[in-house]
2 protein chains.
Amino acid sequence: MPGFRRGRIQPCQRRQRRGMRLILRPSLLLLLAEKESHGYELCEQLASFGFEPEGLDSSIVYRDLREMEEMELIYSYWDENSKGPKRRVYRIQEEGRSRLAEWIENIKSIQARMEKLINRYHSL
Amino acid sequence: MPGFRRGRIQPCQRRQRRGMRLILRPSLLLLLAEKESHGYELCEQLASFGFEPEGLDSSIVYRDLREMEEMELIYSYWDENSKGPKRRVYRIQEEGRSRLAEWIENIKSIQARMEKLINRYHSL
DNA sequence: TATACTATTGACAAAATGCATATAGTTTAG
DNA sequence: CTAAACTATATGCATTTTGTCAATAGTATA
């Protein structure tokens with residue numbers, strides 16, 4: 001069984017996952033702000049943010065990491081000394097820390113808008 | 001000036017708008033749960049959910065309305081008696097009310113996860 | 001030695017999004 | 001009276017984002 005996979009999902013479920021995609025990069029960046037890590041380990045740790053392993057294809061995580069590296073928020077090096085296949089270890093950059101702060105602010109404002117929506121719904 | 005338009009946006013801003021797209025349909029459906037309405041009016045009312053007119057192209061709203069109609073969450077009829085161009089008036093269906101309830105639950109769970117993320121960020 | 005687990009990457013199709021533009025009736029300013 | 005601005009909806013297209021599959025490879029274990 002190749003790790004972190006799933007079957008095809010329903011169109012109605014895609015929309016639900018979209019909300020999670022929104023916090024995927026911030027979650028990864030936060031994990032890397034806590035300590036350096038590699039893709040596979042990050043996939044496991046994402047569970048603590050509510051990402052279930054069946055709900056997230058690991059290729060998405062790897063892709064997002066590469067993209068954040070291109071944005072120069074993080075950088076990577078090969079860990080040659082680890083057991084098993086070589087790992088690409090990511091570490092956060094200063095640029096990444098400030099971007100994380102921005103993303104968190106953005107999430108707060110989205111959250112506030114969601115709050116408004118929910119309240120309005122309940123006063124129907 | 002054609003209503004509800006804007007210029008080209010930066011790639012960093014796109015991600016911010018993504019959060020708003022997430023609550024666009026639920027917002028529209030909630031507005032329609034409150035009272036029947038047509039696209040143009042809905043565009044105006046969206047401001048109360050934090051959608052700025054410059055931040056949302058009205059074609060997106062019209063498209064989402066058509067799609068929700070295809071999903072049979074809402075239905076429409078032409079208002080022939082109104083002044084100006086004819087309006088397509090939307091009304092929510094039972095199916096729409098239950099879907100709205102589901103969407104709200106989903107938003108709540110996303111909100112809870114965002115909360116977790118924010119708390120974890122602040123304990124860095 | 002076959003299977004499962006660790007670990008990463010690339011290609012491709014499908015879906016979502018942003019933007020421009022077309023159409024058309026009505027009101028208002030000059 | 002006529003051009004501009006506003007109300008109102010719709011569509012096509014290019015780009016971006018997403019999900020899925022498949023390929024590769026080293027190591028541990030049954």
# chains A, B, ... in the order shown; residues from 1 in each chain; ligands from 1
$ select_by_dssp --residues "segment 57-122 of chain A" --states "strand (DSSP E)" --output "ChimeraX atom specification"
/A:74-79,87-92
$ residues_around --residues "Tyr75 of chain A" --least-positions-apart "3" --cutoff "12 Å" --atoms "only C-alpha atoms (C1' of nucleotides)" --output "JSON, numbers by chain"
{"A": [29, 32, 36, 37, 38, 65, 66, 67, 68, 69, 70, 71, 72, 78, 88, 89, 90, 91, 92, 93, 94, 95, 96]}
$ write_last_selection --atoms "N, CA, C and O atoms" --output "CSV table (one decimal), in the first residue's frame"
chain,number,residue,atom,x,y,z
A,29,LEU,N,4.0,25.3,6.8
A,29,LEU,CA,4.9,26.3,7.2
A,29,LEU,C,5.0,26.4,8.7
A,29,LEU,O,6.1,26.6,9.2
A,32,LEU,N,7.1,23.6,9.9
A,32,LEU,CA,8.5,23.9,9.7
A,32,LEU,C,9.1,25.0,10.5
A,32,LEU,O,10.3,25.1,10.8
A,36,GLU,N,12.7,21.7,11.5
A,36,GLU,CA,12.9,21.2,10.2
A,36,GLU,C,12.4,19.8,10.0
A,36,GLU,O,12.3,19.1,11.0
A,37,SER,N,12.0,19.4,8.8
A,37,SER,CA,11.4,18.1,8.6
A,37,SER,C,11.4,17.8,7.1
A,37,SER,O,11.7,18.6,6.3
A,38,HIS,N,11.0,16.6,6.8
A,38,HIS,CA,10.9,16.1,5.4
A,38,HIS,C,9.5,15.8,5.1
A,38,HIS,O,8.7,15.6,6.0
A,65,LEU,N,5.4,21.8,-1.1
A,65,LEU,CA,6.7,22.1,-0.5
A,65,LEU,C,7.6,22.6,-1.6
A,65,LEU,O,8.3,23.6,-1.3
A,66,ARG,N,7.6,22.0,-2.7
A,66,ARG,CA,8.5,22.5,-3.8
A,66,ARG,C,8.1,23.9,-4.2
A,66,ARG,O,9.0,24.8,-4.4
A,67,GLU,N,6.8,24.2,-4.2
A,67,GLU,CA,6.4,25.6,-4.6
A,67,GLU,C,6.8,26.6,-3.5
A,67,GLU,O,7.2,27.7,-3.9
A,68,MET,N,6.7,26.2,-2.3
A,68,MET,CA,7.1,27.1,-1.2
A,68,MET,C,8.6,27.4,-1.3
A,68,MET,O,9.1,28.4,-0.9
A,69,GLU,N,9.3,26.3,-1.7
A,69,GLU,CA,10.8,26.5,-1.9
A,69,GLU,C,11.1,27.5,-3.0
A,69,GLU,O,11.9,28.4,-2.9
A,70,GLU,N,10.3,27.4,-4.1
A,70,GLU,CA,10.5,28.3,-5.3
A,70,GLU,C,10.2,29.7,-4.8
A,70,GLU,O,10.8,30.7,-5.3
A,71,MET,N,9.2,29.9,-3.9
A,71,MET,CA,8.9,31.2,-3.4
A,71,MET,C,9.9,31.7,-2.4
A,71,MET,O,9.8,32.8,-1.8
A,72,GLU,N,10.9,30.8,-2.1
A,72,GLU,CA,11.9,31.1,-1.1
A,72,GLU,C,11.4,31.3,0.3
A,72,GLU,O,12.0,32.1,1.1
A,78,TRP,N,19.5,17.5,1.0
A,78,TRP,CA,19.3,16.0,1.1
A,78,TRP,C,20.0,15.5,2.4
A,78,TRP,O,21.1,15.8,2.7
A,88,ARG,N,14.5,14.6,1.6
A,88,ARG,CA,14.7,16.0,1.3
A,88,ARG,C,14.2,16.7,2.5
A,88,ARG,O,13.0,16.8,2.8
A,89,VAL,N,15.1,17.3,3.3
A,89,VAL,CA,14.7,18.0,4.5
A,89,VAL,C,14.5,19.5,4.3
A,89,VAL,O,15.3,20.1,3.6
A,90,TYR,N,13.4,20.0,4.7
A,90,TYR,CA,13.1,21.4,4.6
A,90,TYR,C,13.3,22.2,5.8
A,90,TYR,O,13.1,21.7,6.9
A,91,ARG,N,13.7,23.4,5.7
A,91,ARG,CA,13.9,24.3,6.8
A,91,ARG,C,13.3,25.7,6.4
A,91,ARG,O,13.4,26.1,5.2
A,92,ILE,N,12.7,26.4,7.3
A,92,ILE,CA,12.1,27.6,7.0
A,92,ILE,C,13.1,28.8,6.9
A,92,ILE,O,14.1,28.7,7.5
A,93,GLN,N,12.7,29.7,6.1
A,93,GLN,CA,13.6,30.9,5.9
A,93,GLN,C,12.9,32.1,6.6
A,93,GLN,O,11.7,32.1,6.9
A,94,GLU,N,13.7,33.2,6.7
A,94,GLU,CA,13.1,34.4,7.3
A,94,GLU,C,11.8,34.9,6.6
A,94,GLU,O,10.8,35.2,7.2
A,95,GLU,N,12.0,34.9,5.3
A,95,GLU,CA,10.9,35.2,4.4
A,95,GLU,C,9.7,34.3,4.7
A,95,GLU,O,8.5,34.8,4.6
A,96,GLY,N,9.9,33.1,5.0
A,96,GLY,CA,8.8,32.2,5.3
A,96,GLY,C,8.1,32.5,6.6
A,96,GLY,O,6.9,32.4,6.7
$ atom_distance --atom1 "atom C1' of DT26 of chain C" --atom2 "atom CA of Cys43 of chain B"
19.5 Å
$ interface_residues --of "chain A" --to "chain C" --cutoff "7 Å" --atoms "only C-alpha atoms (C1' of nucleotides)" --output "list in words"
Tyr40, Gly84, Pro85, Lys86 and Arg87 of chain A
$ write_last_selection --atoms "N, CA and C atoms" --output "PDB file, in the first residue's frame"
ATOM      1  N   TYR A  40       7.642  13.226   4.086  1.00  0.00           N
ATOM      2  CA  TYR A  40       6.911  12.083   4.623  1.00  0.00           C
ATOM      3  C   TYR A  40       6.497  12.305   6.072  1.00  0.00           C
ATOM      4  N   GLY A  84      16.949   4.087   4.979  1.00  0.00           N
ATOM      5  CA  GLY A  84      15.968   4.028   3.902  1.00  0.00           C
ATOM      6  C   GLY A  84      16.295   5.023   2.805  1.00  0.00           C
ATOM      7  N   PRO A  85      15.313   5.319   1.939  1.00  0.00           N
ATOM      8  CA  PRO A  85      15.544   6.257   0.836  1.00  0.00           C
ATOM      9  C   PRO A  85      15.947   7.619   1.381  1.00  0.00           C
ATOM     10  N   LYS A  86      16.727   8.350   0.599  1.00  0.00           N
ATOM     11  CA  LYS A  86      17.169   9.680   1.022  1.00  0.00           C
ATOM     12  C   LYS A  86      15.975  10.597   1.244  1.00  0.00           C
ATOM     13  N   ARG A  87      16.141  11.502   2.190  1.00  0.00           N
ATOM     14  CA  ARG A  87      15.071  12.441   2.503  1.00  0.00           C
ATOM     15  C   ARG A  87      15.484  13.842   2.106  1.00  0.00           C
TER      16      ARG A  87
END
$ calpha_fit_and_write --fixed "chain A" --moving "chain B" --output "CSV table (one decimal) with N, CA and C atoms, in the first residue's frame"
chain,number,residue,atom,x,y,z
B,1,MET,N,0.7,-1.3,0.1
B,1,MET,CA,-0.1,-0.1,0.1
B,1,MET,C,0.8,1.2,0.0
B,2,PRO,N,0.7,2.0,-1.0
B,2,PRO,CA,1.5,3.2,-1.1
B,2,PRO,C,0.9,4.2,-0.2
B,3,GLY,N,1.7,4.8,0.6
B,3,GLY,CA,1.2,5.7,1.7
B,3,GLY,C,0.4,6.9,1.3
B,4,PHE,N,-0.5,7.3,2.1
B,4,PHE,CA,-1.3,8.6,1.9
B,4,PHE,C,-2.0,8.7,0.6
B,5,ARG,N,-2.8,7.7,0.3
B,5,ARG,CA,-3.6,7.7,-0.9
B,5,ARG,C,-5.1,7.5,-0.6
B,6,ARG,N,-5.9,7.5,-1.7
B,6,ARG,CA,-7.3,7.3,-1.5
B,6,ARG,C,-7.9,7.0,-2.9
B,7,GLY,N,-9.2,6.6,-2.8
B,7,GLY,CA,-9.9,6.3,-4.1
B,7,GLY,C,-10.5,7.6,-4.7
B,8,ARG,N,-11.3,7.5,-5.7
B,8,ARG,CA,-11.9,8.7,-6.3
B,8,ARG,C,-13.0,9.3,-5.4
B,9,ILE,N,-13.1,10.6,-5.4
B,9,ILE,CA,-14.0,11.2,-4.5
B,9,ILE,C,-15.2,11.8,-5.2
B,10,GLN,N,-16.3,12.0,-4.4
B,10,GLN,CA,-17.5,12.6,-5.0
B,10,GLN,C,-17.4,14.1,-5.2
B,11,PRO,N,-18.1,14.7,-6.2
B,11,PRO,CA,-18.0,16.1,-6.4
B,11,PRO,C,-18.4,16.9,-5.1
B,12,CYS,N,-19.3,16.4,-4.3
B,12,CYS,CA,-19.8,17.2,-3.1
B,12,CYS,C,-18.7,17.2,-2.1
B,13,GLN,N,-17.8,16.1,-2.1
B,13,GLN,CA,-16.7,16.1,-1.1
B,13,GLN,C,-15.6,17.0,-1.5
B,14,ARG,N,-15.5,17.2,-2.8
B,14,ARG,CA,-14.3,18.1,-3.3
B,14,ARG,C,-14.4,19.4,-2.6
B,15,ARG,N,-15.6,20.0,-2.5
B,15,ARG,CA,-15.7,21.3,-2.0
B,15,ARG,C,-15.3,21.3,-0.5
B,16,GLN,N,-15.6,20.2,0.2
B,16,GLN,CA,-15.2,20.1,1.6
B,16,GLN,C,-13.7,20.1,1.7
B,17,ARG,N,-13.1,19.4,0.8
B,17,ARG,CA,-11.6,19.3,0.9
B,17,ARG,C,-11.0,20.7,0.6
B,18,ARG,N,-11.7,21.5,-0.2
B,18,ARG,CA,-11.2,22.8,-0.6
B,18,ARG,C,-10.8,23.6,0.6
B,19,GLY,N,-11.6,23.5,1.6
B,19,GLY,CA,-11.4,24.2,2.8
B,19,GLY,C,-10.1,23.8,3.5
B,20,MET,N,-9.8,22.5,3.4
B,20,MET,CA,-8.5,22.0,4.0
B,20,MET,C,-7.3,22.4,3.1
B,21,ARG,N,-7.5,22.5,1.8
B,21,ARG,CA,-6.4,22.9,1.0
B,21,ARG,C,-6.0,24.3,1.3
B,22,LEU,N,-7.0,25.1,1.8
B,22,LEU,CA,-6.7,26.5,2.1
B,22,LEU,C,-5.7,26.6,3.3
B,23,ILE,N,-5.8,25.6,4.2
B,23,ILE,CA,-4.8,25.7,5.3
B,23,ILE,C,-3.7,24.8,5.2
B,24,LEU,N,-3.5,24.1,4.1
B,24,LEU,CA,-2.4,23.2,3.9
B,24,LEU,C,-1.1,23.8,4.0
B,25,ARG,N,-0.9,24.8,3.2
B,25,ARG,CA,0.4,25.5,3.2
B,25,ARG,C,0.7,26.2,4.5
B,26,PRO,N,-0.2,26.9,5.1
B,26,PRO,CA,0.0,27.5,6.4
B,26,PRO,C,0.4,26.4,7.4
B,27,SER,N,-0.3,25.3,7.4
B,27,SER,CA,0.0,24.2,8.3
B,27,SER,C,1.4,23.7,8.1
B,28,LEU,N,1.8,23.5,6.9
B,28,LEU,CA,3.2,23.0,6.6
B,28,LEU,C,4.2,24.0,7.1
B,29,LEU,N,3.9,25.2,6.8
B,29,LEU,CA,4.9,26.3,7.1
B,29,LEU,C,5.0,26.4,8.7
B,30,LEU,N,3.9,26.2,9.3
B,30,LEU,CA,3.9,26.3,10.8
B,30,LEU,C,4.7,25.1,11.4
B,31,LEU,N,4.5,23.9,10.8
B,31,LEU,CA,5.3,22.7,11.2
B,31,LEU,C,6.8,23.0,11.1
B,32,LEU,N,7.1,23.6,9.9
B,32,LEU,CA,8.5,23.9,9.7
B,32,LEU,C,9.1,25.0,10.5
B,33,ALA,N,8.2,25.9,11.0
B,33,ALA,CA,8.6,26.9,11.9
B,33,ALA,C,8.9,26.3,13.3
B,34,GLU,N,8.2,25.2,13.6
B,34,GLU,CA,8.5,24.5,14.8
B,34,GLU,C,9.8,23.7,14.8
B,35,LYS,N,10.0,23.0,13.7
B,35,LYS,CA,11.3,22.3,13.5
B,35,LYS,C,11.4,21.8,12.0
B,36,GLU,N,12.7,21.7,11.6
B,36,GLU,CA,12.9,21.3,10.2
B,36,GLU,C,12.4,19.8,10.1
B,37,SER,N,12.0,19.5,8.9
B,37,SER,CA,11.4,18.2,8.6
B,37,SER,C,11.4,17.8,7.2
B,38,HIS,N,11.1,16.6,6.8
B,38,HIS,CA,11.0,16.2,5.4
B,38,HIS,C,9.5,15.8,5.1
B,39,GLY,N,9.2,15.7,3.8
B,39,GLY,CA,7.9,15.5,3.3
B,39,GLY,C,7.1,14.4,4.0
B,40,TYR,N,7.7,13.3,4.1
B,40,TYR,CA,7.0,12.1,4.6
B,40,TYR,C,6.6,12.3,6.0
B,41,GLU,N,7.5,12.9,6.8
B,41,GLU,CA,7.2,13.1,8.2
B,41,GLU,C,6.1,14.2,8.3
B,42,LEU,N,6.2,15.2,7.5
B,42,LEU,CA,5.2,16.3,7.5
B,42,LEU,C,3.8,15.7,7.2
B,43,CYS,N,3.7,14.8,6.3
B,43,CYS,CA,2.4,14.1,5.9
B,43,CYS,C,1.8,13.5,7.2
B,44,GLU,N,2.7,12.9,8.0
B,44,GLU,CA,2.2,12.2,9.2
B,44,GLU,C,1.7,13.3,10.2
B,45,GLN,N,2.5,14.3,10.3
B,45,GLN,CA,2.2,15.4,11.3
B,45,GLN,C,1.0,16.2,11.0
B,46,LEU,N,0.6,16.2,9.7
B,46,LEU,CA,-0.5,17.0,9.3
B,46,LEU,C,-1.8,16.5,10.0
B,47,ALA,N,-1.8,15.2,10.4
B,47,ALA,CA,-3.0,14.6,11.1
B,47,ALA,C,-3.4,15.5,12.3
B,48,SER,N,-2.4,16.1,12.9
B,48,SER,CA,-2.7,16.9,14.1
B,48,SER,C,-3.5,18.2,13.7
B,49,PHE,N,-3.5,18.5,12.4
B,49,PHE,CA,-4.3,19.7,12.0
B,49,PHE,C,-5.6,19.3,11.4
B,50,GLY,N,-5.9,18.0,11.5
B,50,GLY,CA,-7.2,17.5,11.0
B,50,GLY,C,-7.2,17.0,9.6
B,51,PHE,N,-6.0,16.8,9.1
B,51,PHE,CA,-5.8,16.2,7.8
B,51,PHE,C,-5.7,14.7,8.0
B,52,GLU,N,-6.8,14.0,7.5
B,52,GLU,CA,-6.7,12.5,7.6
B,52,GLU,C,-5.9,12.0,6.5
B,53,PRO,N,-5.1,10.9,6.7
B,53,PRO,CA,-4.3,10.3,5.6
B,53,PRO,C,-5.0,10.0,4.4
B,54,GLU,N,-6.3,9.5,4.5
B,54,GLU,CA,-7.1,9.1,3.3
B,54,GLU,C,-7.6,10.4,2.6
B,55,GLY,N,-7.5,11.5,3.3
B,55,GLY,CA,-8.1,12.7,2.7
B,55,GLY,C,-7.0,13.6,1.9
B,56,LEU,N,-5.8,13.1,1.9
B,56,LEU,CA,-4.8,14.0,1.3
B,56,LEU,C,-3.7,13.1,0.6
B,57,ASP,N,-3.6,13.3,-0.7
B,57,ASP,CA,-2.6,12.6,-1.4
B,57,ASP,C,-1.2,13.2,-1.2
B,58,SER,N,-0.3,12.4,-0.8
B,58,SER,CA,1.0,12.9,-0.5
B,58,SER,C,1.7,13.7,-1.6
B,59,SER,N,1.3,13.4,-2.8
B,59,SER,CA,2.0,14.2,-3.9
B,59,SER,C,1.6,15.7,-3.8
B,60,ILE,N,0.5,16.0,-3.3
B,60,ILE,CA,0.1,17.4,-3.1
B,60,ILE,C,1.0,18.1,-2.1
B,61,VAL,N,1.3,17.3,-1.0
B,61,VAL,CA,2.2,17.9,0.0
B,61,VAL,C,3.6,18.1,-0.6
B,62,TYR,N,4.1,17.2,-1.3
B,62,TYR,CA,5.5,17.3,-2.0
B,62,TYR,C,5.4,18.5,-2.9
B,63,ARG,N,4.4,18.6,-3.7
B,63,ARG,CA,4.3,19.7,-4.7
B,63,ARG,C,4.2,21.1,-4.0
B,64,ASP,N,3.4,21.2,-2.9
B,64,ASP,CA,3.4,22.4,-2.2
B,64,ASP,C,4.7,22.8,-1.6
B,65,LEU,N,5.4,21.8,-1.1
B,65,LEU,CA,6.7,22.1,-0.5
B,65,LEU,C,7.7,22.6,-1.6
B,66,ARG,N,7.7,22.0,-2.7
B,66,ARG,CA,8.5,22.5,-3.8
B,66,ARG,C,8.2,24.0,-4.2
B,67,GLU,N,6.9,24.2,-4.2
B,67,GLU,CA,6.4,25.6,-4.6
B,67,GLU,C,6.8,26.6,-3.5
B,68,MET,N,6.7,26.2,-2.3
B,68,MET,CA,7.1,27.1,-1.2
B,68,MET,C,8.6,27.3,-1.3
B,69,GLU,N,9.4,26.3,-1.7
B,69,GLU,CA,10.8,26.5,-1.9
B,69,GLU,C,11.1,27.5,-3.0
B,70,GLU,N,10.3,27.4,-4.1
B,70,GLU,CA,10.5,28.3,-5.2
B,70,GLU,C,10.2,29.8,-4.8
B,71,MET,N,9.2,29.9,-3.9
B,71,MET,CA,8.9,31.2,-3.4
B,71,MET,C,9.9,31.7,-2.3
B,72,GLU,N,10.9,30.8,-2.1
B,72,GLU,CA,11.9,31.1,-1.1
B,72,GLU,C,11.4,31.3,0.3
B,73,LEU,N,10.4,30.6,0.7
B,73,LEU,CA,9.9,30.6,2.0
B,73,LEU,C,10.6,29.6,2.9
B,74,ILE,N,11.1,28.5,2.2
B,74,ILE,CA,11.8,27.4,2.8
B,74,ILE,C,12.9,27.0,1.9
B,75,TYR,N,13.9,26.3,2.4
B,75,TYR,CA,14.9,25.7,1.5
B,75,TYR,C,15.1,24.3,2.0
B,76,SER,N,15.8,23.5,1.1
B,76,SER,CA,15.9,22.1,1.4
B,76,SER,C,17.3,21.6,1.2
B,77,TYR,N,17.7,20.5,1.8
B,77,TYR,CA,18.9,19.8,1.6
B,77,TYR,C,18.7,18.3,1.7
B,78,TRP,N,19.5,17.5,1.1
B,78,TRP,CA,19.4,16.1,1.2
B,78,TRP,C,20.0,15.6,2.4
B,79,ASP,N,19.3,14.8,3.2
B,79,ASP,CA,19.8,14.1,4.3
B,79,ASP,C,20.3,12.7,3.9
B,80,GLU,N,21.7,12.6,3.8
B,80,GLU,CA,22.3,11.4,3.2
B,80,GLU,C,22.4,10.3,4.3
B,81,ASN,N,22.4,10.7,5.6
B,81,ASN,CA,22.7,9.8,6.7
B,81,ASN,C,21.6,9.0,7.2
B,82,SER,N,20.3,9.3,6.7
B,82,SER,CA,19.2,8.7,7.3
B,82,SER,C,19.1,7.2,6.7
B,83,LYS,N,18.4,6.4,7.5
B,83,LYS,CA,18.1,5.1,7.0
B,83,LYS,C,17.0,5.1,5.9
B,84,GLY,N,17.0,4.1,5.0
B,84,GLY,CA,16.0,4.1,3.9
B,84,GLY,C,16.4,5.1,2.8
B,85,PRO,N,15.4,5.4,2.0
B,85,PRO,CA,15.6,6.3,0.9
B,85,PRO,C,16.0,7.7,1.4
B,86,LYS,N,16.8,8.4,0.6
B,86,LYS,CA,17.2,9.7,1.1
B,86,LYS,C,16.0,10.6,1.3
B,87,ARG,N,16.2,11.5,2.2
B,87,ARG,CA,15.1,12.5,2.5
B,87,ARG,C,15.5,13.9,2.1
B,88,ARG,N,14.6,14.6,1.6
B,88,ARG,CA,14.8,16.0,1.4
B,88,ARG,C,14.2,16.8,2.6
B,89,VAL,N,15.1,17.3,3.3
B,89,VAL,CA,14.8,18.0,4.6
B,89,VAL,C,14.5,19.5,4.3
B,90,TYR,N,13.4,20.0,4.8
B,90,TYR,CA,13.1,21.4,4.6
B,90,TYR,C,13.3,22.2,5.8
B,91,ARG,N,13.7,23.5,5.7
B,91,ARG,CA,13.9,24.4,6.8
B,91,ARG,C,13.3,25.7,6.4
B,92,ILE,N,12.7,26.4,7.4
B,92,ILE,CA,12.0,27.6,7.1
B,92,ILE,C,13.1,28.8,6.9
B,93,GLN,N,12.7,29.8,6.1
B,93,GLN,CA,13.6,30.9,5.9
B,93,GLN,C,12.9,32.1,6.6
B,94,GLU,N,13.6,33.2,6.8
B,94,GLU,CA,13.0,34.4,7.4
B,94,GLU,C,11.8,34.9,6.6
B,95,GLU,N,12.0,34.9,5.3
B,95,GLU,CA,10.9,35.2,4.4
B,95,GLU,C,9.6,34.4,4.7
B,96,GLY,N,9.9,33.1,5.0
B,96,GLY,CA,8.8,32.2,5.3
B,96,GLY,C,8.1,32.5,6.6
B,97,ARG,N,8.9,33.0,7.6
B,97,ARG,CA,8.3,33.4,8.9
B,97,ARG,C,7.4,34.5,8.7
B,98,SER,N,7.8,35.5,7.9
B,98,SER,CA,6.9,36.7,7.8
B,98,SER,C,5.7,36.4,6.9
B,99,ARG,N,5.9,35.5,6.0
B,99,ARG,CA,4.8,35.1,5.2
B,99,ARG,C,3.7,34.3,6.0
B,100,LEU,N,4.3,33.5,6.9
B,100,LEU,CA,3.4,32.7,7.8
B,100,LEU,C,2.5,33.7,8.6
B,101,ALA,N,3.2,34.7,9.1
B,101,ALA,CA,2.4,35.7,9.9
B,101,ALA,C,1.3,36.3,9.1
B,102,GLU,N,1.6,36.6,7.8
B,102,GLU,CA,0.6,37.2,6.9
B,102,GLU,C,-0.6,36.2,6.7
B,103,TRP,N,-0.2,34.9,6.5
B,103,TRP,CA,-1.2,33.9,6.2
B,103,TRP,C,-2.1,33.7,7.4
B,104,ILE,N,-1.5,33.8,8.6
B,104,ILE,CA,-2.3,33.6,9.8
B,104,ILE,C,-3.3,34.8,9.9
B,105,GLU,N,-2.8,36.0,9.6
B,105,GLU,CA,-3.8,37.1,9.7
B,105,GLU,C,-4.9,36.9,8.7
B,106,ASN,N,-4.6,36.5,7.5
B,106,ASN,CA,-5.6,36.2,6.5
B,106,ASN,C,-6.6,35.2,7.0
B,107,ILE,N,-6.1,34.1,7.6
B,107,ILE,CA,-7.0,33.1,8.1
B,107,ILE,C,-7.9,33.6,9.2
B,108,LYS,N,-7.3,34.5,10.0
B,108,LYS,CA,-8.2,35.1,11.0
B,108,LYS,C,-9.3,35.9,10.4
B,109,SER,N,-9.0,36.6,9.4
B,109,SER,CA,-10.1,37.4,8.8
B,109,SER,C,-11.1,36.6,8.1
B,110,ILE,N,-10.7,35.5,7.5
B,110,ILE,CA,-11.7,34.5,6.9
B,110,ILE,C,-12.5,33.9,8.0
B,111,GLN,N,-11.9,33.6,9.1
B,111,GLN,CA,-12.6,33.0,10.2
B,111,GLN,C,-13.7,33.9,10.7
B,112,ALA,N,-13.3,35.2,10.8
B,112,ALA,CA,-14.2,36.2,11.3
B,112,ALA,C,-15.5,36.3,10.4
B,113,ARG,N,-15.2,36.2,9.1
B,113,ARG,CA,-16.3,36.3,8.1
B,113,ARG,C,-17.1,35.0,8.2
B,114,MET,N,-16.5,33.9,8.4
B,114,MET,CA,-17.3,32.7,8.6
B,114,MET,C,-18.2,32.8,9.8
B,115,GLU,N,-17.6,33.4,10.8
B,115,GLU,CA,-18.4,33.6,12.1
B,115,GLU,C,-19.6,34.4,11.8
B,116,LYS,N,-19.5,35.5,11.1
B,116,LYS,CA,-20.6,36.3,10.7
B,116,LYS,C,-21.7,35.6,10.0
B,117,LEU,N,-21.2,34.8,9.0
B,117,LEU,CA,-22.1,34.0,8.2
B,117,LEU,C,-22.9,33.0,9.0
B,118,ILE,N,-22.2,32.3,9.9
B,118,ILE,CA,-22.8,31.4,10.8
B,118,ILE,C,-23.9,32.0,11.7
B,119,ASN,N,-23.5,33.1,12.3
B,119,ASN,CA,-24.4,33.9,13.1
B,119,ASN,C,-25.7,34.3,12.4
B,120,ARG,N,-25.5,34.8,11.2
B,120,ARG,CA,-26.6,35.2,10.4
B,120,ARG,C,-27.5,34.0,10.0
B,121,TYR,N,-26.8,32.9,9.8
B,121,TYR,CA,-27.6,31.7,9.5
B,121,TYR,C,-28.5,31.3,10.7
B,122,HIS,N,-27.9,31.4,11.8
B,122,HIS,CA,-28.7,30.9,13.0
B,122,HIS,C,-29.8,31.9,13.4
B,123,SER,N,-29.8,33.1,12.9
B,123,SER,CA,-30.9,34.0,13.2
B,123,SER,C,-31.9,34.0,12.1
B,124,LEU,N,-31.9,33.0,11.2
B,124,LEU,CA,-32.9,32.8,10.2
B,124,LEU,C,-34.2,32.6,10.8
$ select_by_dssp --residues "chain A" --states "helix (DSSP H, G or I)" --output "JSON, numbers by chain"
{"A": [11, 12, 13, 14, 15, 16, 17, 18, 19, 20, 21, 22, 23, 24, 25, 26, 27, 28, 29, 30, 31, 32, 33, 34, 39, 40, 41, 42, 43, 44, 45, 46, 47, 48, 49, 53, 54, 55, 58, 59, 60, 61, 62, 63, 64, 65, 66, 67, 68, 69, 70, 94, 95, 96, 97, 98, 99, 100, 101, 102, 103, 104, 105, 106, 107, 108, 109, 110, 111, 112, 113, 114, 115, 116, 117, 118, 119, 120, 121, 122]}
$ interface_residues --of "chain D" --to "chain A" --cutoff "8 Å" --atoms "only C-alpha atoms (C1' of nucleotides)" --output "VMD selection string"
chain D and resid 20 25 to 27
$ decode --residues "segment 119-124 of chain B" --atoms "N, CA, C and O atoms" --output "CSV table (one decimal), in the first residue's frame"
chain,number,residue,atom,x,y,z
B,119,ASN,N,-4.1,29.0,17.2
B,119,ASN,CA,-3.6,28.8,18.6
B,119,ASN,C,-2.2,28.3,18.6
B,119,ASN,O,-1.3,28.7,19.3
B,120,ARG,N,-2.0,27.3,17.7
B,120,ARG,CA,-0.7,26.7,17.7
B,120,ARG,C,0.4,27.7,17.2
B,120,ARG,O,1.5,27.7,17.7
B,121,TYR,N,0.0,28.5,16.3
B,121,TYR,CA,0.9,29.6,15.8
B,121,TYR,C,1.3,30.5,16.9
B,121,TYR,O,2.5,30.8,17.1
B,122,HIS,N,0.3,30.9,17.7
B,122,HIS,CA,0.6,31.8,18.8
B,122,HIS,C,1.4,31.2,20.0
B,122,HIS,O,1.9,31.9,20.8
B,123,SER,N,1.5,29.9,20.0
B,123,SER,CA,2.3,29.3,21.1
B,123,SER,C,3.7,29.0,20.6
B,123,SER,O,4.5,28.2,21.2
B,124,LEU,N,4.0,29.5,19.4
B,124,LEU,CA,5.4,29.3,18.8
B,124,LEU,C,6.4,29.9,19.7
B,124,LEU,O,6.3,31.1,20.2
